[in-house]
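Novice: Sharing a structure, written as structure tokens. Questions coming.
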There are 6 protein chains.
Amino acid sequence: MKLLVINPNISQDVTDLIEAEASRSIRPTTELSMATAPFGVAYIETRAESLIGGYATLQVAAQHYRQYDAIVVAAFGDPGLNALREIMPIPVVGMTEAALMSACQQGGRFSIIAISQRIQAWYRECVAAYGLGGRLASIRALDEPLQHIGQVQENQGERLIELGRRAVEEDGADVLILAGAPLAGLARSVADQMPVPALDGVTCAVIQAQAMADIGATMPSAGSFAAPPCKPCQGLPEALTKLVGRQ
Amino acid sequence: MKLLVINPNISQDVTDLIEAEASRSIRPTTELSMATAPFGVAYIETRAESLIGGYATLQVAAQHYRQYDAIVVAAFGDPGLNALREIMPIPVVGMTEAALMSACQQGGRFSIIAISQRIQAWYRECVAAYGLGGRLASIRALDEPLQHIGQVQENQGERLIELGRRAVEEDGADVLILAGAPLAGLARSVADQMPVPALDGVTCAVIQAQAMADIGATMPSAGSFAAPPCKPCQGLPEALTKLVGRQ
Amino acid sequence: MKLLVINPNISQDVTDLIEAEASRSIRPTTELSMATAPFGVAYIETRAESLIGGYATLQVAAQHYRQYDAIVVAAFGDPGLNALREIMPIPVVGMTEAALMSACQQGGRFSIIAISQRIQAWYRECVAAYGLGGRLASIRALDEPLQHIGQVQENQGERLIELGRRAVEEDGADVLILAGAPLAGLARSVADQMPVPALDGVTCAVIQAQAMADIGATMPSAGSFAAPPCKPCQGLPEALTKLVGRQ
Amino acid sequence: MKLLVINPNISQDVTDLIEAEASRSIRPTTELSMATAPFGVAYIETRAESLIGGYATLQVAAQHYRQYDAIVVAAFGDPGLNALREIMPIPVVGMTEAALMSACQQGGRFSIIAISQRIQAWYRECVAAYGLGGRLASIRALDEPLQHIGQVQENQGERLIELGRRAVEEDGADVLILAGAPLAGLARSVADQMPVPALDGVTCAVIQAQAMADIGATMPSAGSFAAPPCKPCQGLPEALTKLVGRQ
Amino acid sequence: MKLLVINPNISQDVTDLIEAEASRSIRPTTELSMATAPFGVAYIETRAESLIGGYATLQVAAQHYRQYDAIVVAAFGDPGLNALREIMPIPVVGMTEAALMSACQQGGRFSIIAISQRIQAWYRECVAAYGLGGRLASIRALDEPLQHIGQVQENQGERLIELGRRAVEEDGADVLILAGAPLAGLARSVADQMPVPALDGVTCAVIQAQAMADIGATMPSAGSFAAPPCKPCQGLPEALTKLVGRQ
Amino acid sequence: MKLLVINPNISQDVTDLIEAEASRSIRPTTELSMATAPFGVAYIETRAESLIGGYATLQVAAQHYRQYDAIVVAAFGDPGLNALREIMPIPVVGMTEAALMSACQQGGRFSIIAISQRIQAWYRECVAAYGLGGRLASIRALDEPLQHIGQVQENQGERLIELGRRAVEEDGADVLILAGAPLAGLARSVADQMPVPALDGVTCAVIQAQAMADIGATMPSAGSFAAPPCKPCQGLPEALTKLVGRQ
């Protein structure tokens, strides 16, 4: 299968991290392509930045989806995921959603380990929107300003492991989710230092994207995820105009 | 006070409807300005269209907010509301949220009367995101394709009233919300045919915007609605770049 | 508009505090009248005291409502609010409900800062009854016995500010509500020492009462907030007998 | 044990129905005393009437509790229950709460069969306040105005049985609760016509009151059901003054 | 009435503790019989052990129920309770459920004091399955490995009391539940050292079993707790075969 | 990978249906083995039967797990799933859980199409236990007694398709789950007659089992899904004794 992984923010070094981990996780028969948001911010921590990143992701998806079998939205918090799922005629998978659904199959409650204090509210709302707030044991986050978003693993690795351990011991987590594309690949290297399964959002997303393709479910012609009714539009990029106006 | 009302979709006739109702609802001392999304779709029914409309609204707000005391996002479903509230240094009010908060002060459970079947899932998720799913008695919607979005009141007025009556009798609604900017002004004309209060989203939004300004709450310097941390960005319109990059 | 603000407890000095803050918050065209419960307790901390205060408020309202456009129940916890809303033919607004609805329009989660430990359970149940338990970040309260209920602001001001700061930093509050009529006016004076908006229940209540009057919603003739069916009664004060028995 | 059953409304014929059923349900060693609210309404359907009934019940309890081991509040909807439980030094049991707790031990979800349409909203809020909204299959109610509250069983018996059957077949109820003191004794006579257990609120209340006495739990000196802190009061009946002011 | 109390684990010394407390709690007219699981584990802390204990309890119940009026499942967590309630033609009561239902009638929120850290997740899921997660203030547990399950009261008594006090002071518990059959009888001896009612699961279970028998509800012929449809089976013990196959 | 699929009921013809669909769904490199419960009932509709089936599944798993990389519990309702997940040192996946997690990645709300009326309560409780009750649009079920459990697809195919269509149109389902092992393979053949994706529990389970193995998460050494503490046991089958007693 051909898989398009879209990084909703503009950081090429984060795209590289995602690509490295995705390459390690896919099956040999899966062809991986990467795309980076052409506009937006360096990394996404807030609802405002998620709106920008979501719209950028929608544009990238509209341009390229025809060559692919599935799309992964590769920022934790899943910017634009539901919008893409509605309008794309192929499966769309999000890092957060895929990690949550995988975590739920490995334990009762999960904790999210995040890269900044500010990011927590957005993550919590995201988990709640999926209806899984009752299974969220906690969100724990680094509390220092990030210097280099592409190097957070090296700089903060020990601290992230410590946060994970406390989530298990103090918050009752059965599974940990190392959240945020800048942490892509970390779970793989710290697994043996964690007392419970530690999931990588990128890993979960590409594996669930493959799973969704395997399930082979048809696209809906009814319900709230059928393609939106065709309607007049203006001022949109050409590829998006074609999708919205079905031209 | 100076109030900017932004229509997140591209329909000028809907903007006119909103303006007419907003003008009837504001205090004499409130100065009203209207803006229409420069790009997007004719009307918003889906998560995908809401993402487009939200981003357009964010752009309009970034360009113009400096001259205003408060902003109203004038599409039911509140596209981009939380993003704007985070990033704008003035109060931002949404049609749905304002209507729900007003409805809660007039009864126990409310029903939403909507203009299309498809729109219901998005509205339901919106109410749930505000934490008020438990007070939603029902959403009832017209079930015919809309011909002219600016004329839905004339064409479907009787049917909308009937939906409202059934929401009260069969679903236990204490308050009705006539949802969607295309219905702006309808509540005013059908109030006496409804057995319970019928709220207009535009009316509620401008009145709550005035109330938020009256309360005079300061802008947060902490918490998840403080302005997002300044960070590198690229490819954004100039006004938005200034907000995101604090330049 | 003519606004009747009822203090459900017997403390005249608390009524004076409420009146002072209400006077600062209303529009010039709003005429303010105050009433104090003729029987009951010095301040309300428990479910039992709320029942007494609610019944006293109902009696006061029944006696005087004919001269007013709206009523405010001015004790946090809203004693008797739903009862009054059912039976009064004019809008009735509560301090807690108005503060919660205003807080929800300014952030994601709110914390309540309260004047006694004991009062917390009643407040939490009140928030839950409005369906907003999911948005309550925390309730934090003074933990010393109150000496003079009318002087709690002077005696405990610094401590209240400190509780607010901790609610933001440790509990994730986006908005603070300074709860309890004895704190009326405090938010105005400490706003600049708080990292997030700090709301005053009295301020919110009179502003929302004005908003409800502005919305101009009709009184329900159906649903669970229509006037209760007329029925036999005995032993009630004359004004209440007239309301219940419709005489 | 000595049990005081208080009817929160003024209808002596309803008190008689309650007494008859309570007498059939208690153990031989339980001494039963009845009291009827000295003021209030003929029967309670609304939040306003519940406030009146709750205050009347509090007064009756304050006057008489010293001679009893436990108190039953004998109106469905439990007017004043939590207030009495806080302030009385003996166990207090409510018809609704006792019926719900008994129903939960006999099945997964329960339905309430009620005597009027209007009463449903208040009942639903009551169930939700106990945290059991998730186990409420439905509330079904008679839809004709009640002529004689004391004769609703004879006049509407067949209709009540039919409502119960539909709750089981259409709503998924595992247990039925025949709600409202005017139905006291009905469950006993229709049990064999119901496909699932049909519970009588009066029966459940007196049996749970005996159970609470058997458990012999001590009264709390801490927590939110400890006796309210002693505080100044005025204008209250003598017995209530003694309780509130601990004189 | 004749009451069968089944210990779902294999520890005879725990059965003896249960019997001693049950004997102190029942009415003189209740005849008590004890049974111990013929297979399984020494004490139940996990979902896996609960499945084993539940199946053992089902077998014991199938063998002996004909001589009894009601059954008590006497392990906290209620292994197999719903299964037994479905298939037994007599009332079946569980320690956890009975304690929760009793606690709800004595306060707003309750805490559970447990004998091991590991046991907490299972208890929390059990409370949630009864729909009462919203009333659970906390679970607090001993944190040392248990040496002798039958002697945990003597060895850990002081520590258990301390956990209870902290649940009241720090977690807001109005009622405490001393959980786990190995604590049977403890509540009785520590009641005067606890600031709120402390409930014993065994006490509550036998008293609620008597109450369910007193209520005299009929067995359901419809709904999800009617006896399961008769169907082919194989390999089951004789008594269970008779129940499942109705032979 | 080597995958063990356990049918928790005794029907060999259902095992054959499961095997046929599993064989169609697995990757070429996955080796499939089937096992049928050695004792229990013909098909599982109730909590009692689920307890029996869960214990049988635990026994089968204990005997055979050493030769496998993952286990699938192949009855809708997931008998014993959490118990197996705790005690097995390899991933364990359930039909219901896997279908729900897959459905959540394809739409907002899902409906379950079931083979008998009676089965609905158990399914609803199962969905709720996973914390996903809020995303369940409805359960719709055949309402005739099942003659031959292995032939329900042929006999009732049209009726099942009709139930699915109504779930989409009337209940708002975005995804359908054809529930119950006796329907294994049906989704594949009716996909083109359904307006939304129709998921097969067996398909989802084997694909998610492969995904869990791909994710490669380690087994927990802490948290509530670590292997239960070793403890004394008696009377268990040899393989289970080894697991429980770690011998």
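Labeling convention for the structure tokens: chains A, B, ... as they appear, residues from 1 per chain, ligands from 1 in order of appearance.
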Should the cut-off be 8 Å, what would the residue list for chain F against chain A look like, counting only C-alpha atoms, as a PyMOL selection string?
Specialist: chain F and resi 25+85+91+93+97-98+101-102+105-108+131-132+134-135+168-169+172-174+191-192+195-199+203-204+207-208+211-212+214-215+217-225
Novice: Would you give me, as a PyMOL selection string, the residues in range 9-205 of chain E that DSSP reads as strand (DSSP E or B)?
Specialist: chain E and resi 31-36+40-41+70-73+92-94+110-114+136-141+175-178+198-200
Novice: For a test of reading the model, state the distance in Å between CA of Leu183 in chain C and CA of Thr96 in chain C, rounded to one decimal.
Specialist: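 About the pair CA of Leu183 in chain C and CA of Thr96 in chain C: they are 12.9 Å apart.
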Novice: Which of range 121-203 of chain A end up as alpha helix (DSSP H) when DSSP is run on this backbone - answer as a PyMOL selection string?
Specialist: chain A and resi 121-129+152-171+186-190+201-203
Novice: List the neighbours of range 51-68 of chain E out to 9 Å using only C-alpha atoms; skip same-chain residues closer than 2 positions along the sequence, and give me the result as a PyMOL selection string.
Specialist: (chain E and resi 1-4+6-10+35-41+44+46-49+70-71+73+75+78-81+83-84+87-90+237-243) or (chain F and resi 48+51-52+54-55+58+80+83+236)
Novice: Got a sec: who's within 6 Å of range 117-123 of chain A, counting only C-alpha atoms, leaving out chain neighbours fewer than 5 positions off, as a list of chain:residue names?
Specialist: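 My reading of the contact set: A:Glu45, A:Gly77, A:Ala141, A:Asp143.
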Novice: Any chance you can output those residues with N, CA and C atoms as a PDB file, in the first residue's frame?
Specialist:
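Heads up, here's the output in selection.pdb:
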ATOM      1  N   GLU A  45       1.191  23.591  19.789  1.00  0.00           N
ATOM      2  CA  GLU A  45       0.908  23.424  21.219  1.00  0.00           C
ATOM      3  C   GLU A  45      -0.494  23.872  21.607  1.00  0.00           C
ATOM      4  N   GLY A  77      -2.548  15.332  18.730  1.00  0.00           N
ATOM      5  CA  GLY A  77      -3.659  16.276  18.785  1.00  0.00           C
ATOM      6  C   GLY A  77      -4.471  16.205  17.504  1.00  0.00           C
ATOM      7  N   ALA A 141       3.963  16.454  31.732  1.00  0.00           N
ATOM      8  CA  ALA A 141       4.681  17.183  30.690  1.00  0.00           C
ATOM      9  C   ALA A 141       5.975  17.794  31.214  1.00  0.00           C
ATOM     10  N   ASP A 143       8.538  20.725  31.859  1.00  0.00           N
ATOM     11  CA  ASP A 143       8.145  22.067  32.279  1.00  0.00           C
ATOM     12  C   ASP A 143       9.201  23.131  31.976  1.00  0.00           C
TER      13      ASP A 143
END
Novice: Figure out the distance between CA of Pro182 in chain F and CA of Val244 in chain E, please, to one decimal in Å.
Specialist: 20.3 Å
Novice: To one decimal place, how far is CA of Gln153 in chain C from CA of Ala179 in chain C in Å?
Specialist: 11.6 Å
Novice: Taking 2 positions as the minimum chain separation for residues in the same chain, which residues sit within 9 Å of Ile113 in chain C when counting only C-alpha atoms? Answer as a list in words.
Specialist: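 Skipping anything fewer than 2 positions along the chain leaves Ser111, Ile115, Ser138, Ile139, Arg140, Ala141, Leu142, Leu160, Ile161, Leu163, Gly164, Ala167, Leu176, Ile177, Leu178, Ala179 and Gly180 of chain C.
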Novice: Taking N, CA and C atoms for each residue, export the selection above as an mmCIF file, in the first residue's frame.
Specialist:
data_model
loop_
_atom_site.group_PDB
_atom_site.id
_atom_site.type_symbol
_atom_site.label_atom_id
_atom_site.label_comp_id
_atom_site.auth_asym_id
_atom_site.auth_seq_id
_atom_site.Cartn_x
_atom_site.Cartn_y
_atom_site.Cartn_z
ATOM 1 N N SER C 111 -11.985 27.327 38.131
ATOM 2 C CA SER C 111 -11.919 26.931 39.536
ATOM 3 C C SER C 111 -12.746 27.908 40.360
ATOM 4 N N ILE C 115 -15.137 30.427 50.571
ATOM 5 C CA ILE C 115 -14.794 31.016 51.856
ATOM 6 C C ILE C 115 -14.733 30.026 53.011
ATOM 7 N N SER C 138 -11.258 22.775 39.866
ATOM 8 C CA SER C 138 -11.114 22.531 41.299
ATOM 9 C C SER C 138 -11.965 23.531 42.069
ATOM 10 N N ILE C 139 -12.176 23.208 43.346
ATOM 11 C CA ILE C 139 -12.690 24.180 44.302
ATOM 12 C C ILE C 139 -11.610 24.295 45.370
ATOM 13 N N ARG C 140 -11.189 25.486 45.650
ATOM 14 C CA ARG C 140 -10.222 25.697 46.730
ATOM 15 C C ARG C 140 -10.858 26.653 47.735
ATOM 16 N N ALA C 141 -10.587 26.424 49.009
ATOM 17 C CA ALA C 141 -11.308 27.162 50.040
ATOM 18 C C ALA C 141 -10.414 27.551 51.205
ATOM 19 N N LEU C 142 -10.758 28.662 51.844
ATOM 20 C CA LEU C 142 -10.147 29.051 53.117
ATOM 21 C C LEU C 142 -10.358 27.927 54.123
ATOM 22 N N LEU C 160 -6.946 34.488 49.755
ATOM 23 C CA LEU C 160 -7.823 34.188 48.627
ATOM 24 C C LEU C 160 -7.071 34.318 47.300
ATOM 25 N N ILE C 161 -6.242 35.338 47.200
ATOM 26 C CA ILE C 161 -5.440 35.524 45.981
ATOM 27 C C ILE C 161 -4.502 34.340 45.789
ATOM 28 N N LEU C 163 -4.921 31.276 46.871
ATOM 29 C CA LEU C 163 -5.707 30.112 46.436
ATOM 30 C C LEU C 163 -5.975 30.176 44.936
ATOM 31 N N GLY C 164 -6.260 31.371 44.455
ATOM 32 C CA GLY C 164 -6.510 31.542 43.030
ATOM 33 C C GLY C 164 -5.297 31.197 42.189
ATOM 34 N N ALA C 167 -4.835 27.485 41.996
ATOM 35 C CA ALA C 167 -5.826 26.843 41.126
ATOM 36 C C ALA C 167 -5.389 26.908 39.667
ATOM 37 N N LEU C 176 -11.098 32.001 37.061
ATOM 38 C CA LEU C 176 -11.396 31.854 38.485
ATOM 39 C C LEU C 176 -12.751 32.470 38.799
ATOM 40 N N ILE C 177 -13.468 31.842 39.703
ATOM 41 C CA ILE C 177 -14.713 32.413 40.192
ATOM 42 C C ILE C 177 -14.556 32.641 41.688
ATOM 43 N N LEU C 178 -14.643 33.887 42.116
ATOM 44 C CA LEU C 178 -14.569 34.192 43.540
ATOM 45 C C LEU C 178 -15.978 34.051 44.083
ATOM 46 N N ALA C 179 -16.192 32.993 44.868
ATOM 47 C CA ALA C 179 -17.547 32.551 45.147
ATOM 48 C C ALA C 179 -18.032 32.979 46.510
ATOM 49 N N GLY C 180 -19.298 33.291 46.560
ATOM 50 C CA GLY C 180 -19.912 33.637 47.818
ATOM 51 C C GLY C 180 -20.144 35.131 47.861
#
